[in-house]
Every structure is written in structure tokens, then in C-alpha cells.
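Trainee: Handing you this structure, nothing more for now.
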There are 2 protein chains.
Amino acid sequence: CPCPLPRGDSSLSRLLRHLLSARRSLDICLFAFSCPQLGRAVQLLHRRGVRVRVVTDAQYMGLQGSQIGLLRHAGIQVRHDQENGYMHHKFAIVDGRMLITGSLNWTTQAIQNNRENVLVMEDAEYVKPFLDEFEKIWEEYNPINYRFF
Amino acid sequence: CPCPLPRGDSSLSRLLRHLLSARRSLDICLFAFSCPQLGRAVQLLHRRGVRVRVVTDAQYMGLQGSQIGLLRHAGIQVRHDQENGYMHHKFAIVDGRMLITGSLNWTTQAIQNNRENVLVMEDAEYVKPFLDEFEKIWEEYNPINYRFF
């Protein structure tokens, strides 16, 4: 369903439902992640044994209300950029087959108050380039590559 | 082509090429628009007689470097939200048939330095909901609806 997002709880429920359908893997690539309900869902999947990987933006991950610290504390692997620019993607891939992408950062502000869009797609034509981008970023942001200057 | 966006000039050229293919209409719905080259392309299309409509965010349109004032000065119709939340979409529709959407705001910073994605799609299944969303927002943000409080 390609969908400009109606604001509020129905959008959040739909997003939660898609995420909680994950059985094997969840790859998340998000500029900003502060919504507690979505954070809890990601932790639940991790506890269920789903392989969760999170890529995020270095400048935003430590802001007040960020879910990133909680995810790391729960043992979920998180990697972040080491660049000046923003890691500005807002997508997730469920079980390597369902792409969720759009303008929406996973923040309560955005879900409740903004005009946003979220596309949910299972066509390999669209999913594949995002899978490739995720793997590329995941390697590039490997902590082994941290550089002092 | 669904494409995570390589940074820099090749992405900008590709985006410009898609936009400049417009013959009849260009509908733009953008949170932030400050890239001068893209601003000039939009003005060029307007001068060629393409019907250009722009929807943007009230809090961002007046920031330094914004292209919105220049577009209005050139006679292009621009409408903005009157709400607390952000008008956070980042999409454009060329001739009612090609959807360009993703994480990218049309700013030089984003094009040059950020990790971004842009999807370019012509399937009606994906284009239609964005066309509907544009028309809905366009009416909702009609200046005749401005409210004093």
C-alpha cells in the first residue's frame, strides 16, 4: 500500500503491525528514532530472536528522547555514520522482503502532527536497491572503521 | 529507477533531467527547498508555460537561502501549511504521471553531504495516492482558508 499517512494512532498501528510481522530479520535505517511504542516493538522482536540491525545518524542518536541508547542497552546492534552530513534515510526492511520507506522519522511528533508519507512495498525491483544500500552502509559504518584524526 | 542516492552532482543532474522533462504540469510538495539549481529549473519550467504548483512548510519557507520567495516573486503559485506540525513530504509529480519521492529535501547540503534516497516511479498504483494527497493539501492550504484566531 503506497500511502500518504493519515496522522495519529491509525498510522502508528499500521506501522507496528508491519514491523511485528518480522520473523527472521529487521533492518532499520533511520535519521531520528524517538517514538517509545516503536522502540518497544523493536526490542520485542529482538527478544523473539529476530535479527535486528539499526543504522542511525550520529548527531541525532544522543538527543533527549532518542530510543537508540535503549536499543543498544537491550543488546541490539546499532551503527552510526562518522561523517559531517546526515544519515537521512527513513526506511526499514522486514525479512528482506518488505520495504517501508518515506518521509517519516519514527518520532511521536512526526506521527501525531506532521504531514508525512510512508510507502510499503514488496516488489523486489524496489526492495533490492534498499537492501543493497543497507548492507553497504552497515559495512561502511562498522565500528572497526572508526578513525581518529 | 528506485535509487538510494549517490551523493553529489550526478544525483542533481538526474533529478534536474526528470524535472525538465515536464511538459504540462509540475506539482511540488517539499519541506525544505533551498537548492539554487533546482530553483532555477522550476522557474524555467514556469516560463515555458508548464503549470507549476508548490506546497511547502510555513516554518521553513522563510529561512535564509530558501527558494520559496524567489518562486513566488517569479509568479509561481506557492501554498503553505497553517499548522503546528511540519509539512514534511518531499515529493514531486511530473505531468501527473511520474512520482519523485524519498528522504531528500531539495537543499544543497542534502544533495552534497547526506545519505538520501529518491524513488522515481511511474506505476499508477504508486503515483495516484500522491496525486490525491497533493490535491487534498492544495485545497486545504488555499489562502482563502487562512484563519485569524
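In the C-alpha cells, each chain is lettered A, B, ... as it comes, each chain's residues begin at 1, and ligands are numbered from 1 in order of appearance.
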With a cut-off of 10 Å and counting only C-alpha atoms, select all residues of chain A in contact with chain B and give the selection as a ChimeraX atom specification.
Mentor: /A:1-5,31,57,81,83-91,101-105,109-119,121,125-134,137
Trainee: Based on the selection just made, write C-alpha atoms of those residues as a compact mmCIF listing (two decimals), in the first residue's frame.
Mentor:
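To be explicit, this is the file written out as selection19.txt:
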```
# COMPACT_ATOMS: atom_id res chain seq x y z
CA CYS A 1 0.00 0.00 0.00
CA PRO A 2 1.54 3.28 -1.08
CA CYS A 3 0.09 5.74 1.37
CA PRO A 4 0.30 9.34 2.33
CA LEU A 5 -0.06 8.93 6.05
CA PHE A 31 17.68 9.54 10.81
CA ASP A 57 22.62 9.39 12.47
CA ASP A 81 27.67 7.47 10.46
CA GLU A 83 30.53 11.97 8.64
CA ASN A 84 29.55 15.61 8.59
CA GLY A 85 26.42 15.06 6.54
CA TYR A 86 23.28 13.46 7.90
CA MET A 87 22.38 9.79 7.59
CA HIS A 88 18.96 10.98 6.44
CA HIS A 89 17.29 7.75 5.24
CA LYS A 90 13.99 6.70 6.84
CA PHE A 91 13.45 3.10 5.86
CA THR A 101 10.14 3.96 3.37
CA GLY A 102 9.09 7.57 3.06
CA SER A 103 9.36 10.95 4.72
CA LEU A 104 8.55 9.71 8.23
CA ASN A 105 11.09 9.68 11.01
CA GLN A 109 5.92 14.48 16.83
CA ALA A 110 6.03 13.30 13.23
CA ILE A 111 3.37 10.61 13.69
CA GLN A 112 0.97 12.87 15.56
CA ASN A 113 1.46 16.28 13.97
CA ASN A 114 3.21 16.22 10.60
CA ARG A 115 2.15 15.64 7.02
CA GLU A 116 4.12 12.55 6.06
CA ASN A 117 4.13 9.65 3.64
CA VAL A 118 5.09 6.01 4.03
CA LEU A 119 5.37 3.53 1.20
CA MET A 121 6.39 -2.23 -0.98
CA GLU A 125 12.55 -4.10 -8.02
CA TYR A 126 12.08 -1.55 -5.25
CA VAL A 127 13.24 -3.58 -2.25
CA LYS A 128 16.58 -4.70 -3.72
CA PRO A 129 18.30 -1.30 -4.04
CA PHE A 130 17.40 -0.52 -0.43
CA LEU A 131 18.69 -3.92 0.74
CA ASP A 132 21.94 -3.21 -1.11
CA GLU A 133 22.15 0.29 0.37
CA PHE A 134 21.60 -1.12 3.87
CA ILE A 137 26.05 1.37 4.92
```
Trainee: Give the alpha helix (DSSP H) residues of chain A, as assigned by DSSP on the backbone, as a PyMOL selection string.
Mentor: chain A and resi 9-20+36-47+58-61+68-73+108-113+124-140
Trainee: Residues of region 14-86 of chain B in strand (DSSP E or B) according to DSSP, as a PyMOL selection string?
Mentor: chain B and resi 25-30+33+51-56+77-80
Trainee: At a cut-off of 9 Å, using only C-alpha atoms, what residues contact Gln67 (chain B)? Leave out same-chain residues fewer than 4 positions from it and give the result as a PyMOL selection string.
Mentor: chain B and resi 32-36+38-39+61-62+71-72
Trainee: Could you give me, as a tab-separated table (two decimals) with N, CA and C atoms, in the first residue's frame, the residues within 6 Å of His80 (chain B), counting only C-alpha atoms and dropping anything in the same chain fewer than 2 positions from it?
Mentor:
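Saved the output as part-v1.tsv:
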```
chain	number	residue	atom	x	y	z
B	55	VAL	N	3.82	23.30	-2.81
B	55	VAL	CA	3.35	23.27	-1.42
B	55	VAL	C	4.58	23.14	-0.54
B	56	THR	N	4.61	23.92	0.54
B	56	THR	CA	5.80	23.87	1.40
B	56	THR	C	5.44	24.11	2.86
B	57	ASP	N	6.47	24.09	3.71
B	57	ASP	CA	6.27	24.22	5.14
B	57	ASP	C	6.43	25.68	5.59
B	58	ALA	N	5.48	26.15	6.37
B	58	ALA	CA	5.48	27.56	6.77
B	58	ALA	C	6.72	27.95	7.57
B	141	TYR	N	-4.67	24.07	1.98
B	141	TYR	CA	-3.78	25.21	2.22
B	141	TYR	C	-4.16	26.42	1.36
```
Trainee: Between CA of Tyr60 (chain A) and CA of Met98 (chain A), measure the distance and give it in Å to one decimal.
Mentor: 25.7 Å
